[in-house]
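Structure data follow from run_0.cif (mmCIF, C-alpha atoms and all ligand atoms):
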```cif
data_work
#
loop_
_atom_site.group_PDB
_atom_site.id
_atom_site.type_symbol
_atom_site.label_atom_id
_atom_site.label_comp_id
_atom_site.auth_asym_id
_atom_site.auth_seq_id
_atom_site.Cartn_x
_atom_site.Cartn_y
_atom_site.Cartn_z
ATOM 1 C CA MET R 170 62.705 -53.624 75.048
ATOM 2 C CA THR R 171 63.182 -50.577 72.867
ATOM 3 C CA ARG R 172 66.453 -49.249 71.491
ATOM 4 C CA LYS R 173 68.033 -46.898 74.012
ATOM 5 C CA LEU R 174 69.330 -43.434 73.322
ATOM 6 C CA VAL R 175 72.324 -41.786 75.005
ATOM 7 C CA ILE R 176 72.876 -38.114 74.183
ATOM 8 C CA GLY R 177 76.038 -36.290 75.228
ATOM 9 C CA ASN R 178 75.855 -32.504 75.629
ATOM 10 C CA TRP R 179 79.398 -31.118 75.669
ATOM 11 C CA LYS R 180 78.131 -27.579 76.425
ATOM 12 C CA MET R 181 80.946 -24.969 75.988
ATOM 13 C CA ASN R 182 83.672 -27.641 75.954
ATOM 14 C CA PRO R 183 86.332 -28.690 75.040
ATOM 15 C CA ARG R 184 88.623 -25.696 74.464
ATOM 16 C CA SER R 185 90.021 -26.611 71.055
ATOM 17 C CA LEU R 186 88.878 -28.194 67.815
ATOM 18 C CA LYS R 187 91.602 -30.799 68.159
ATOM 19 C CA GLN R 188 90.328 -31.848 71.589
ATOM 20 C CA ALA R 189 86.773 -32.044 70.219
ATOM 21 C CA GLN R 190 87.932 -34.271 67.351
ATOM 22 C CA ASP R 191 89.883 -36.525 69.742
ATOM 23 C CA LEU R 192 86.925 -36.869 72.076
ATOM 24 C CA PHE R 193 84.583 -37.592 69.180
ATOM 25 C CA GLN R 194 86.854 -40.255 67.747
ATOM 26 C CA LYS R 195 87.375 -41.963 71.092
ATOM 27 C CA HIS R 196 83.626 -42.084 71.656
ATOM 28 C CA ALA R 197 83.145 -43.375 68.090
ATOM 29 C CA HIS R 198 85.440 -46.270 68.950
ATOM 30 C CA THR R 199 83.130 -47.220 71.846
ATOM 31 C CA VAL R 200 79.967 -46.770 69.824
ATOM 32 C CA LYS R 201 81.261 -49.168 67.137
ATOM 33 C CA LYS R 202 80.945 -51.970 69.693
ATOM 34 C CA LEU R 203 77.303 -51.246 70.478
ATOM 35 C CA THR R 204 74.673 -53.408 68.875
ATOM 36 C CA LYS R 205 71.448 -51.523 69.571
ATOM 37 C CA THR R 206 71.935 -48.241 71.384
ATOM 38 C CA GLN R 207 71.935 -44.967 69.480
ATOM 39 C CA VAL R 208 74.385 -42.294 70.652
ATOM 40 C CA VAL R 209 74.189 -38.603 69.779
ATOM 41 C CA LEU R 210 77.114 -36.286 70.556
ATOM 42 C CA CYS R 211 76.432 -32.550 70.695
ATOM 43 C CA PRO R 212 79.568 -30.399 70.352
ATOM 44 C CA SER R 213 79.545 -26.578 70.207
ATOM 45 C CA TYR R 214 78.560 -24.804 66.975
ATOM 46 C CA VAL R 215 82.180 -24.234 65.947
ATOM 47 C CA HIS R 216 83.031 -27.919 66.356
ATOM 48 C CA VAL R 217 79.850 -29.518 65.065
ATOM 49 C CA ALA R 218 80.609 -29.515 61.313
ATOM 50 C CA LYS R 219 84.060 -31.003 61.778
ATOM 51 C CA CYS R 220 82.784 -33.730 64.104
ATOM 52 C CA ALA R 221 79.961 -34.580 61.692
ATOM 53 C CA SER R 222 82.518 -34.976 58.892
ATOM 54 C CA LEU R 223 84.639 -37.492 60.806
ATOM 55 C CA LYS R 224 84.231 -41.180 60.269
ATOM 56 C CA GLY R 225 82.023 -42.112 63.176
ATOM 57 C CA ALA R 226 80.057 -45.296 63.694
ATOM 58 C CA PRO R 227 76.725 -46.578 62.373
ATOM 59 C CA ARG R 228 74.942 -45.782 65.638
ATOM 60 C CA LEU R 229 76.579 -42.422 66.210
ATOM 61 C CA ASN R 230 74.815 -39.179 65.297
ATOM 62 C CA VAL R 231 75.804 -35.569 65.743
ATOM 63 C CA GLY R 232 73.540 -32.998 67.359
ATOM 64 C CA ALA R 233 73.650 -29.248 67.967
ATOM 65 C CA GLN R 234 72.983 -27.480 71.245
ATOM 66 C CA ASP R 235 70.657 -24.839 69.776
ATOM 67 C CA VAL R 236 69.419 -23.359 66.489
ATOM 68 C CA PHE R 237 67.556 -20.259 65.277
ATOM 69 C CA PHE R 238 63.994 -20.603 63.990
ATOM 70 C CA GLU R 239 64.155 -18.428 60.853
ATOM 71 C CA PRO R 240 65.210 -20.252 57.672
ATOM 72 C CA GLU R 241 67.592 -17.538 56.382
ATOM 73 C CA GLY R 242 68.187 -13.802 56.358
ATOM 74 C CA SER R 243 69.734 -10.943 58.292
ATOM 75 C CA PHE R 244 70.090 -12.503 61.731
ATOM 76 C CA THR R 245 73.621 -11.762 62.887
ATOM 77 C CA GLY R 246 75.122 -14.512 64.976
ATOM 78 C CA GLU R 247 72.389 -17.059 64.302
ATOM 79 C CA VAL R 248 72.523 -20.516 62.684
ATOM 80 C CA SER R 249 69.596 -22.040 60.768
ATOM 81 C CA VAL R 250 68.203 -25.579 60.718
ATOM 82 C CA ASN R 251 69.203 -25.947 57.056
ATOM 83 C CA MET R 252 72.811 -24.988 57.868
ATOM 84 C CA LEU R 253 72.937 -27.704 60.536
ATOM 85 C CA LYS R 254 71.270 -30.234 58.254
ATOM 86 C CA ASP R 255 73.721 -29.425 55.465
ATOM 87 C CA VAL R 256 76.728 -30.387 57.621
ATOM 88 C CA GLY R 257 75.131 -33.636 58.812
ATOM 89 C CA VAL R 258 73.483 -32.710 62.106
ATOM 90 C CA THR R 259 70.428 -34.857 62.904
ATOM 91 C CA HIS R 260 69.376 -33.736 66.406
ATOM 92 C CA VAL R 261 69.054 -30.347 68.110
ATOM 93 C CA ILE R 262 68.850 -29.753 71.859
ATOM 94 C CA LEU R 263 66.311 -27.014 72.573
ATOM 95 C CA GLY R 264 65.229 -25.183 75.709
ATOM 96 C CA HIS R 265 68.048 -26.409 77.920
ATOM 97 C CA SER R 266 67.651 -24.863 81.389
ATOM 98 C CA GLU R 267 71.011 -23.095 81.010
ATOM 99 C CA ARG R 268 69.511 -21.258 78.029
ATOM 100 C CA ARG R 269 66.101 -20.740 79.658
ATOM 101 C CA ALA R 270 67.961 -19.140 82.615
ATOM 102 C CA ARG R 271 69.429 -16.619 80.179
ATOM 103 C CA GLY R 272 66.095 -15.539 78.761
ATOM 104 C CA GLU R 273 64.967 -18.278 76.364
ATOM 105 C CA THR R 274 61.198 -18.475 76.804
ATOM 106 C CA SER R 275 58.933 -21.408 75.940
ATOM 107 C CA ASP R 276 57.606 -19.254 73.094
ATOM 108 C CA ILE R 277 61.089 -19.080 71.551
ATOM 109 C CA VAL R 278 61.629 -22.787 72.239
ATOM 110 C CA GLN R 279 58.329 -23.572 70.491
ATOM 111 C CA ARG R 280 59.363 -21.706 67.321
ATOM 112 C CA LYS R 281 62.675 -23.562 67.284
ATOM 113 C CA VAL R 282 61.034 -26.956 67.887
ATOM 114 C CA TYR R 283 58.635 -26.342 65.039
ATOM 115 C CA ALA R 284 61.447 -25.269 62.684
ATOM 116 C CA VAL R 285 63.482 -28.368 63.570
ATOM 117 C CA VAL R 286 60.768 -31.010 63.157
ATOM 118 C CA SER R 287 59.311 -29.341 60.057
ATOM 119 C CA ARG R 288 62.674 -29.684 58.326
ATOM 120 C CA GLY R 289 63.032 -33.331 59.270
ATOM 121 C CA LEU R 290 65.483 -33.152 62.168
ATOM 122 C CA THR R 291 64.838 -34.449 65.690
ATOM 123 C CA ALA R 292 64.203 -31.974 68.521
ATOM 124 C CA VAL R 293 65.479 -32.813 72.006
ATOM 125 C CA VAL R 294 63.163 -30.580 74.037
ATOM 126 C CA CYS R 295 64.373 -29.951 77.586
ATOM 127 C CA ILE R 296 61.923 -29.314 80.382
ATOM 128 C CA GLY R 297 62.418 -29.283 84.136
ATOM 129 C CA GLU R 298 61.369 -27.511 87.306
ATOM 130 C CA GLU R 299 63.693 -25.186 89.219
ATOM 131 C CA ALA R 300 62.790 -26.647 92.580
ATOM 132 C CA ARG R 301 60.210 -28.906 94.188
ATOM 133 C CA ASP R 302 57.602 -27.821 96.688
ATOM 134 C CA ALA R 303 55.381 -29.911 98.947
ATOM 135 C CA SER R 304 52.185 -28.711 97.267
ATOM 136 C CA GLY R 305 53.298 -30.065 93.886
ATOM 137 C CA ALA R 306 53.072 -26.690 92.106
ATOM 138 C CA TYR R 307 56.039 -27.747 89.972
ATOM 139 C CA TYR R 308 53.671 -30.026 88.053
ATOM 140 C CA ASP R 309 51.947 -26.882 86.741
ATOM 141 C CA GLU R 310 55.314 -25.445 85.701
ATOM 142 C CA LEU R 311 56.148 -28.655 83.835
ATOM 143 C CA HIS R 312 52.699 -28.820 82.262
ATOM 144 C CA ASP R 313 53.137 -25.274 80.918
ATOM 145 C CA GLN R 314 56.631 -26.002 79.608
ATOM 146 C CA ILE R 315 55.453 -29.105 77.727
ATOM 147 C CA ALA R 316 52.252 -27.574 76.347
ATOM 148 C CA SER R 317 53.840 -24.315 75.229
ATOM 149 C CA SER R 318 57.152 -25.697 73.932
ATOM 150 C CA LEU R 319 55.357 -28.256 71.748
ATOM 151 C CA GLU R 320 52.456 -26.095 70.607
ATOM 152 C CA GLY R 321 51.736 -26.504 66.906
ATOM 153 C CA VAL R 322 53.602 -29.804 66.554
ATOM 154 C CA GLU R 323 51.501 -32.236 64.513
ATOM 155 C CA VAL R 324 50.782 -35.746 65.753
ATOM 156 C CA LYS R 325 52.792 -37.304 62.931
ATOM 157 C CA GLN R 326 55.831 -35.189 63.934
ATOM 158 C CA PHE R 327 56.053 -36.670 67.442
ATOM 159 C CA LYS R 328 58.359 -39.393 66.200
ATOM 160 C CA ARG R 329 60.894 -36.583 65.857
ATOM 161 C CA ILE R 330 60.282 -35.227 69.364
ATOM 162 C CA ILE R 331 62.364 -36.310 72.336
ATOM 163 C CA VAL R 332 61.374 -34.814 75.695
ATOM 164 C CA ALA R 333 64.348 -34.613 78.055
ATOM 165 C CA TYR R 334 63.180 -34.208 81.628
ATOM 166 C CA GLU R 335 65.982 -32.417 83.446
ATOM 167 C CA PRO R 336 65.086 -31.116 86.911
ATOM 168 C CA VAL R 337 67.265 -28.023 87.313
ATOM 169 C CA TRP R 338 68.188 -28.991 90.875
ATOM 170 C CA ALA R 339 69.763 -32.222 89.619
ATOM 171 C CA ILE R 340 71.953 -30.706 86.873
ATOM 172 C CA GLY R 341 75.614 -30.357 87.772
ATOM 173 C CA ALA R 342 75.027 -32.099 91.111
ATOM 174 C CA SER R 343 76.224 -35.569 92.151
ATOM 175 C CA ALA R 344 74.764 -38.936 91.188
ATOM 176 C CA ASP R 345 73.433 -39.248 94.764
ATOM 177 C CA GLU R 346 71.410 -36.092 94.306
ATOM 178 C CA ALA R 347 70.041 -37.127 90.894
ATOM 179 C CA MET R 348 66.551 -38.454 90.518
ATOM 180 C CA ASP R 349 66.070 -42.177 91.011
ATOM 181 C CA GLY R 350 64.380 -44.572 88.631
ATOM 182 C CA ASP R 351 61.134 -44.924 90.574
ATOM 183 C CA ARG R 352 60.561 -41.194 90.703
ATOM 184 C CA MET R 353 61.517 -40.884 87.036
ATOM 185 C CA HIS R 354 58.871 -43.482 86.207
ATOM 186 C CA GLU R 355 56.229 -41.186 87.728
ATOM 187 C CA MET R 356 57.546 -38.234 85.728
ATOM 188 C CA GLY R 357 57.454 -40.239 82.492
ATOM 189 C CA ILE R 358 53.800 -41.125 83.126
ATOM 190 C CA PHE R 359 53.046 -37.469 83.825
ATOM 191 C CA ILE R 360 54.760 -36.285 80.610
ATOM 192 C CA ARG R 361 52.869 -38.824 78.483
ATOM 193 C CA LYS R 362 49.601 -37.845 80.188
ATOM 194 C CA VAL R 363 50.113 -34.154 79.330
ATOM 195 C CA ILE R 364 50.858 -35.089 75.711
ATOM 196 C CA THR R 365 47.875 -37.461 75.548
ATOM 197 C CA ASP R 366 45.516 -34.746 76.841
ATOM 198 C CA THR R 367 46.461 -32.354 74.031
ATOM 199 C CA TRP R 368 47.620 -34.521 71.134
ATOM 200 C CA GLY R 369 46.181 -37.978 71.880
ATOM 201 C CA ARG R 370 47.599 -41.438 72.425
ATOM 202 C CA THR R 371 49.360 -41.788 69.073
ATOM 203 C CA ALA R 372 51.552 -38.766 69.816
ATOM 204 C CA ALA R 373 52.189 -39.877 73.411
ATOM 205 C CA ASP R 374 53.226 -43.353 72.242
ATOM 206 C CA ALA R 375 55.581 -41.942 69.597
ATOM 207 C CA VAL R 376 57.403 -39.447 71.815
ATOM 208 C CA ARG R 377 60.650 -40.571 73.428
ATOM 209 C CA ILE R 378 61.466 -39.569 76.988
ATOM 210 C CA LEU R 379 64.928 -39.086 78.466
ATOM 211 C CA TYR R 380 66.197 -38.105 81.872
ATOM 212 C CA GLY R 381 69.067 -35.665 82.392
ATOM 213 C CA GLY R 382 70.812 -34.339 85.492
ATOM 214 C CA SER R 383 73.915 -35.940 87.020
ATOM 215 C CA VAL R 384 73.704 -39.262 85.233
ATOM 216 C CA ASP R 385 76.885 -41.329 85.209
ATOM 217 C CA ASP R 386 77.874 -44.980 85.114
ATOM 218 C CA THR R 387 76.635 -45.536 88.689
ATOM 219 C CA ASN R 388 72.998 -44.525 88.189
ATOM 220 C CA ILE R 389 72.246 -44.955 84.474
ATOM 221 C CA GLU R 390 70.934 -48.491 84.860
ATOM 222 C CA ASP R 391 68.468 -47.597 87.614
ATOM 223 C CA ILE R 392 67.246 -44.470 85.855
ATOM 224 C CA ILE R 393 66.611 -46.217 82.532
ATOM 225 C CA GLU R 394 65.349 -49.544 83.800
ATOM 226 C CA ARG R 395 63.222 -48.568 86.787
ATOM 227 C CA GLY R 396 62.378 -45.252 85.170
ATOM 228 C CA HIS R 397 60.997 -47.089 82.096
ATOM 229 C CA ILE R 398 62.474 -44.415 79.832
ATOM 230 C CA ASP R 399 64.188 -44.346 76.454
ATOM 231 C CA GLY R 400 67.558 -43.080 77.586
ATOM 232 C CA VAL R 401 69.535 -40.222 79.066
ATOM 233 C CA LEU R 402 70.904 -36.759 78.317
ATOM 234 C CA VAL R 403 74.388 -36.526 79.771
ATOM 235 C CA GLY R 404 76.447 -33.420 80.551
ATOM 236 C CA ARG R 405 79.773 -33.765 82.374
ATOM 237 C CA ALA R 406 80.086 -37.549 82.073
ATOM 238 C CA SER R 407 79.869 -37.307 78.258
ATOM 239 C CA ARG R 408 83.342 -35.745 78.252
ATOM 240 C CA ASP R 409 84.907 -38.633 80.130
ATOM 241 C CA VAL R 410 85.823 -41.354 77.638
ATOM 242 C CA LYS R 411 85.841 -44.231 80.149
ATOM 243 C CA VAL R 412 82.717 -43.256 82.078
ATOM 244 C CA PHE R 413 80.726 -42.447 78.942
ATOM 245 C CA GLY R 414 81.909 -45.676 77.337
ATOM 246 C CA ARG R 415 80.639 -47.690 80.297
ATOM 247 C CA MET R 416 77.349 -45.793 80.215
ATOM 248 C CA CYS R 417 76.835 -46.666 76.541
ATOM 249 C CA GLU R 418 77.587 -50.330 77.219
ATOM 250 C CA ILE R 419 75.137 -50.440 80.136
ATOM 251 C CA ALA R 420 72.442 -48.832 77.967
ATOM 252 C CA ASP R 421 73.194 -51.346 75.213
ATOM 253 C CA ASN R 422 72.654 -54.245 77.587
ATOM 254 C CA LEU R 423 69.281 -52.760 78.560
ATOM 255 C CA SER R 424 68.155 -52.253 74.969
HETATM 256 P P1 LIG R 501 75.100 -33.002 84.010
HETATM 257 O O1 LIG R 501 74.347 -32.065 82.957
HETATM 258 O O2 LIG R 501 75.003 -34.416 83.489
HETATM 259 O O3 LIG R 501 76.475 -32.480 84.055
HETATM 260 O O4 LIG R 501 74.358 -32.849 85.320
HETATM 261 C C1 LIG R 501 73.145 -32.480 82.377
HETATM 262 C C2 LIG R 501 72.641 -31.450 81.421
HETATM 263 O O5 LIG R 501 72.817 -30.241 81.661
HETATM 264 O O6 LIG R 501 72.059 -31.814 80.387
#
```

Taking this structure as input, can you express it in the form of structure tokens?
Ligand code: PGA
Amino acid sequence: MTRKLVIGNWKMNPRSLKQAQDLFQKHAHTVKKLTKTQVVLCPSYVHVAKCASLKGAPRLNVGAQDVFFEPEGSFTGEVSVNMLKDVGVTHVILGHSERRARGETSDIVQRKVYAVVSRGLTAVVCIGEEARDASGAYYDELHDQIASSLEGVEVKQFKRIIVAYEPVWAIGASADEAMDGDRMHEMGIFIRKVITDTWGRTAADAVRILYGGSVDDTNIEDIIERGHIDGVLVGRASRDVKVFGRMCEIADNLS
């Protein structure tokens, strides 16, 4: 059994810095009780530095929801990898479907992934099809997303790559509509096969695979255990102290 990973993406929530601090500290209290599972909380840019400065827990890391690929310069509104690293961020979510829907291409995602892993942080690279069709054309879409988003990553850098498979149709839905563990197992095999074909077995063995899309305390066990994956990327449920706490405990028992 490998150590499980639970990542919480708070998206554009909560409304105030105080609420973000409260949420972070309540989650930290839960994480202190975990013995194996690693938890990463990803607040918004304006809250990330403060959260990273709070006393957390040994297994609690702070992640960002995006980054810009250039190291420094005249890029109004952007934030660099070094800025995130400086305030204690260790993980960066990249290519989330909510960003891809607003124009973020795999080419942009690739430049960000490369910037993140080259500077020693971990990239949480989101992929996922919009919809499924009977002919299985979505496999081509996923293949392209994986191959182009990870282009240029060296084999030795795959230990800092986490692929989060998030089918767009399952995000923001209900746990009943989420993917089940058996189907996730097939997707995990597919993702590793695509990586093996381009980068070889060493890279495919090093990469970690998560599922995201309507995971809560009712389906996390099935998705991790039967899905044979490393953990989950959680949206809404990561803002609910009780539900997220139970999810972390379940993951810990599976680790
Ligand atoms: P959800 O979001 O858990 O609210 O479905 C998942 C995500 O967008 O990463």

message: What residues of the protein or nucleic acid chains come within 6 Å of ligand LIG 501 (chain R) when you use only C-alpha atoms and all ligand atoms? Reply as a PyMOL selection string.
response: chain R and resi 340-342+381-384+402-405

task: List, as JSON, numbers by chain, every residue that the PyMOL selection byres (((chain R and resi 195-203) around 8) and not hetatm) selects in the file provided.
output: {"R": [191, 192, 193, 194, 204, 205, 206, 208, 225, 226, 227, 228, 229, 410, 413, 414, 417, 418, 421]}

Please report, as JSON, the centre and edge lengths in Å to one decimal of an axis-aligned box covering all listed atoms of stretch 324-330 of chain R with 3 Å per side.
```
{"center_x": 55.8, "center_y": -37.3, "center_z": 66.1, "size_x": 16.1, "size_y": 10.2, "size_z": 12.4}
```

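Across the model, the gap from atom CA of R:Ile277 to atom CA of R:Met348 is 27.7 Å.
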
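Each of R:Ile358, R:Ile393, R:Leu423, R:Leu253 was checked against R:Gly289 using only C-alpha atoms; the smallest atom-to-atom distance is that of R:Leu253.
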
Closest atom pairs, residues of stretch 270-348 of chain R within 9 Å of stretch 359-362 of chain R, only C-alpha atoms, as JSON lines:
```
{"residue": "R:Tyr308", "atom": "CA", "partner": "R:Phe359", "partner_atom": "CA", "distance": 8.6}
{"residue": "R:Leu311", "atom": "CA", "partner": "R:Ile360", "partner_atom": "CA", "distance": 8.4}
{"residue": "R:His312", "atom": "CA", "partner": "R:Ile360", "partner_atom": "CA", "distance": 7.9}
{"residue": "R:Ile315", "atom": "CA", "partner": "R:Ile360", "partner_atom": "CA", "distance": 7.8}
{"residue": "R:Val332", "atom": "CA", "partner": "R:Ile360", "partner_atom": "CA", "distance": 8.4}
{"residue": "R:Tyr334", "atom": "CA", "partner": "R:Ile360", "partner_atom": "CA", "distance": 8.7}
```

- prompt: Quick one: residues within 8 Å of stretch 349-357 of chain R, all atoms listed in the file counted, chain neighbours fewer than 3 positions away excluded, as a PyMOL selection string?
  reply: chain R and resi 360-361+378+380+388+391-398

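Between atom CA of R:Trp368 and atom CA of R:Ser287 the separation is 16.9 Å.
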
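Interatomic distance, atom CA of R:Ser317 against atom CA of R:Thr371: 19.1 Å.
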
field: Selection near R:Ile419, 9 Å with all atoms listed in the file, sequence-local residues under 4 positions removed, as a list in words
entry: Asp386, Ile389, Glu390, Gly414, Arg415, Leu423 and Ser424 of chain R

- prompt: Leaving out R:Glu298 and any residue of its chain fewer than 4 positions from it, which residues lie within 8 Å of it when counting all atoms listed in the file, given as a ChimeraX atom specification?
  reply: /R:307,310-311,335-338

Store the residues picked out above, limited to C-alpha atoms, as a tab-separated table (two decimals), in the frame of the given file.
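Written out: out_22.tsv:
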```tsv
chain	number	residue	atom	x	y	z
R	307	TYR	CA	56.04	-27.75	89.97
R	310	GLU	CA	55.31	-25.44	85.70
R	311	LEU	CA	56.15	-28.66	83.84
R	335	GLU	CA	65.98	-32.42	83.45
R	336	PRO	CA	65.09	-31.12	86.91
R	337	VAL	CA	67.26	-28.02	87.31
R	338	TRP	CA	68.19	-28.99	90.88
```

- prompt: Can you list, as an MDAnalysis selection string, the residues that the PyMOL selection byres (((chain R and resi 210) around 9) and not hetatm) selects here?
  reply: chainID R and resid 175:179 193 196 208:209 211:212 220 229:233 407

Written file, previous selection with C-alpha atoms, as a PDB file, in the frame of the given file:
```pdb
ATOM      1  CA  VAL R 175      72.324 -41.786  75.005  1.00  0.00           C
ATOM      2  CA  ILE R 176      72.876 -38.114  74.183  1.00  0.00           C
ATOM      3  CA  GLY R 177      76.038 -36.290  75.228  1.00  0.00           C
ATOM      4  CA  ASN R 178      75.855 -32.504  75.629  1.00  0.00           C
ATOM      5  CA  TRP R 179      79.398 -31.118  75.669  1.00  0.00           C
ATOM      6  CA  PHE R 193      84.583 -37.592  69.180  1.00  0.00           C
ATOM      7  CA  HIS R 196      83.626 -42.084  71.656  1.00  0.00           C
ATOM      8  CA  VAL R 208      74.385 -42.294  70.652  1.00  0.00           C
ATOM      9  CA  VAL R 209      74.189 -38.603  69.779  1.00  0.00           C
ATOM     10  CA  CYS R 211      76.432 -32.550  70.695  1.00  0.00           C
ATOM     11  CA  PRO R 212      79.568 -30.399  70.352  1.00  0.00           C
ATOM     12  CA  CYS R 220      82.784 -33.730  64.104  1.00  0.00           C
ATOM     13  CA  LEU R 229      76.579 -42.422  66.210  1.00  0.00           C
ATOM     14  CA  ASN R 230      74.815 -39.179  65.297  1.00  0.00           C
ATOM     15  CA  VAL R 231      75.804 -35.569  65.743  1.00  0.00           C
ATOM     16  CA  GLY R 232      73.540 -32.998  67.359  1.00  0.00           C
ATOM     17  CA  ALA R 233      73.650 -29.248  67.967  1.00  0.00           C
ATOM     18  CA  SER R 407      79.869 -37.307  78.258  1.00  0.00           C
TER      19      SER R 407
END
```

All heavy atoms for stretch 385-392 of chain R, written as a PDB file, in the frame of the given file, could you do that?
```
ATOM      1  N   ASP R 385      75.564 -40.771  85.524  1.00  0.00           N
ATOM      2  CA  ASP R 385      76.885 -41.329  85.209  1.00  0.00           C
ATOM      3  C   ASP R 385      76.777 -42.845  85.176  1.00  0.00           C
ATOM      4  O   ASP R 385      75.663 -43.395  85.110  1.00  0.00           O
ATOM      5  CB  ASP R 385      77.964 -40.805  86.181  1.00  0.00           C
ATOM      6  CG  ASP R 385      77.719 -41.208  87.625  1.00  0.00           C
ATOM      7  OD1 ASP R 385      76.950 -42.174  87.864  1.00  0.00           O
ATOM      8  OD2 ASP R 385      78.301 -40.578  88.523  1.00  0.00           O
ATOM      9  N   ASP R 386      77.918 -43.515  85.239  1.00  0.00           N
ATOM     10  CA  ASP R 386      77.874 -44.980  85.114  1.00  0.00           C
ATOM     11  C   ASP R 386      77.341 -45.661  86.374  1.00  0.00           C
ATOM     12  O   ASP R 386      77.108 -46.858  86.365  1.00  0.00           O
ATOM     13  CB  ASP R 386      79.261 -45.524  84.731  1.00  0.00           C
ATOM     14  CG  ASP R 386      80.351 -45.054  85.681  1.00  0.00           C
ATOM     15  OD1 ASP R 386      80.157 -44.039  86.383  1.00  0.00           O
ATOM     16  OD2 ASP R 386      81.407 -45.705  85.728  1.00  0.00           O
ATOM     17  N   THR R 387      77.148 -44.899  87.466  1.00  0.00           N
ATOM     18  CA  THR R 387      76.635 -45.536  88.689  1.00  0.00           C
ATOM     19  C   THR R 387      75.103 -45.523  88.764  1.00  0.00           C
ATOM     20  O   THR R 387      74.515 -46.321  89.470  1.00  0.00           O
ATOM     21  CB  THR R 387      77.184 -44.843  89.969  1.00  0.00           C
ATOM     22  OG1 THR R 387      76.685 -43.491  90.012  1.00  0.00           O
ATOM     23  CG2 THR R 387      78.703 -44.838  89.999  1.00  0.00           C
ATOM     24  N   ASN R 388      74.462 -44.596  88.067  1.00  0.00           N
ATOM     25  CA  ASN R 388      72.998 -44.525  88.189  1.00  0.00           C
ATOM     26  C   ASN R 388      72.234 -44.705  86.882  1.00  0.00           C
ATOM     27  O   ASN R 388      71.006 -44.714  86.871  1.00  0.00           O
ATOM     28  CB  ASN R 388      72.568 -43.221  88.891  1.00  0.00           C
ATOM     29  CG  ASN R 388      73.006 -41.973  88.133  1.00  0.00           C
ATOM     30  OD1 ASN R 388      73.696 -42.063  87.120  1.00  0.00           O
ATOM     31  ND2 ASN R 388      72.604 -40.816  88.623  1.00  0.00           N
ATOM     32  N   ILE R 389      72.949 -44.865  85.770  1.00  0.00           N
ATOM     33  CA  ILE R 389      72.246 -44.955  84.474  1.00  0.00           C
ATOM     34  C   ILE R 389      71.323 -46.181  84.407  1.00  0.00           C
ATOM     35  O   ILE R 389      70.208 -46.099  83.881  1.00  0.00           O
ATOM     36  CB  ILE R 389      73.248 -44.931  83.284  1.00  0.00           C
ATOM     37  CG1 ILE R 389      72.472 -44.915  81.964  1.00  0.00           C
ATOM     38  CG2 ILE R 389      74.251 -46.061  83.330  1.00  0.00           C
ATOM     39  CD1 ILE R 389      73.331 -44.702  80.724  1.00  0.00           C
ATOM     40  N   GLU R 390      71.751 -47.278  84.970  1.00  0.00           N
ATOM     41  CA  GLU R 390      70.934 -48.491  84.860  1.00  0.00           C
ATOM     42  C   GLU R 390      69.601 -48.314  85.595  1.00  0.00           C
ATOM     43  O   GLU R 390      68.531 -48.591  85.062  1.00  0.00           O
ATOM     44  CB  GLU R 390      71.687 -49.699  85.423  1.00  0.00           C
ATOM     45  CG  GLU R 390      70.878 -50.967  85.295  1.00  0.00           C
ATOM     46  CD  GLU R 390      71.707 -52.224  85.483  1.00  0.00           C
ATOM     47  OE1 GLU R 390      72.941 -52.138  85.543  1.00  0.00           O
ATOM     48  OE2 GLU R 390      71.090 -53.295  85.559  1.00  0.00           O
ATOM     49  N   ASP R 391      69.690 -47.810  86.826  1.00  0.00           N
ATOM     50  CA  ASP R 391      68.468 -47.597  87.614  1.00  0.00           C
ATOM     51  C   ASP R 391      67.534 -46.619  86.915  1.00  0.00           C
ATOM     52  O   ASP R 391      66.329 -46.860  86.793  1.00  0.00           O
ATOM     53  CB  ASP R 391      68.855 -47.061  89.002  1.00  0.00           C
ATOM     54  CG  ASP R 391      67.634 -46.627  89.803  1.00  0.00           C
ATOM     55  OD1 ASP R 391      66.860 -47.520  90.205  1.00  0.00           O
ATOM     56  OD2 ASP R 391      67.440 -45.413  90.000  1.00  0.00           O
ATOM     57  N   ILE R 392      68.108 -45.516  86.420  1.00  0.00           N
ATOM     58  CA  ILE R 392      67.246 -44.470  85.855  1.00  0.00           C
ATOM     59  C   ILE R 392      66.556 -44.962  84.577  1.00  0.00           C
ATOM     60  O   ILE R 392      65.390 -44.639  84.331  1.00  0.00           O
ATOM     61  CB  ILE R 392      68.036 -43.145  85.652  1.00  0.00           C
ATOM     62  CG1 ILE R 392      67.095 -41.959  85.595  1.00  0.00           C
ATOM     63  CG2 ILE R 392      68.913 -43.124  84.442  1.00  0.00           C
ATOM     64  CD1 ILE R 392      66.727 -41.386  86.895  1.00  0.00           C
TER      65      ILE R 392
END
```
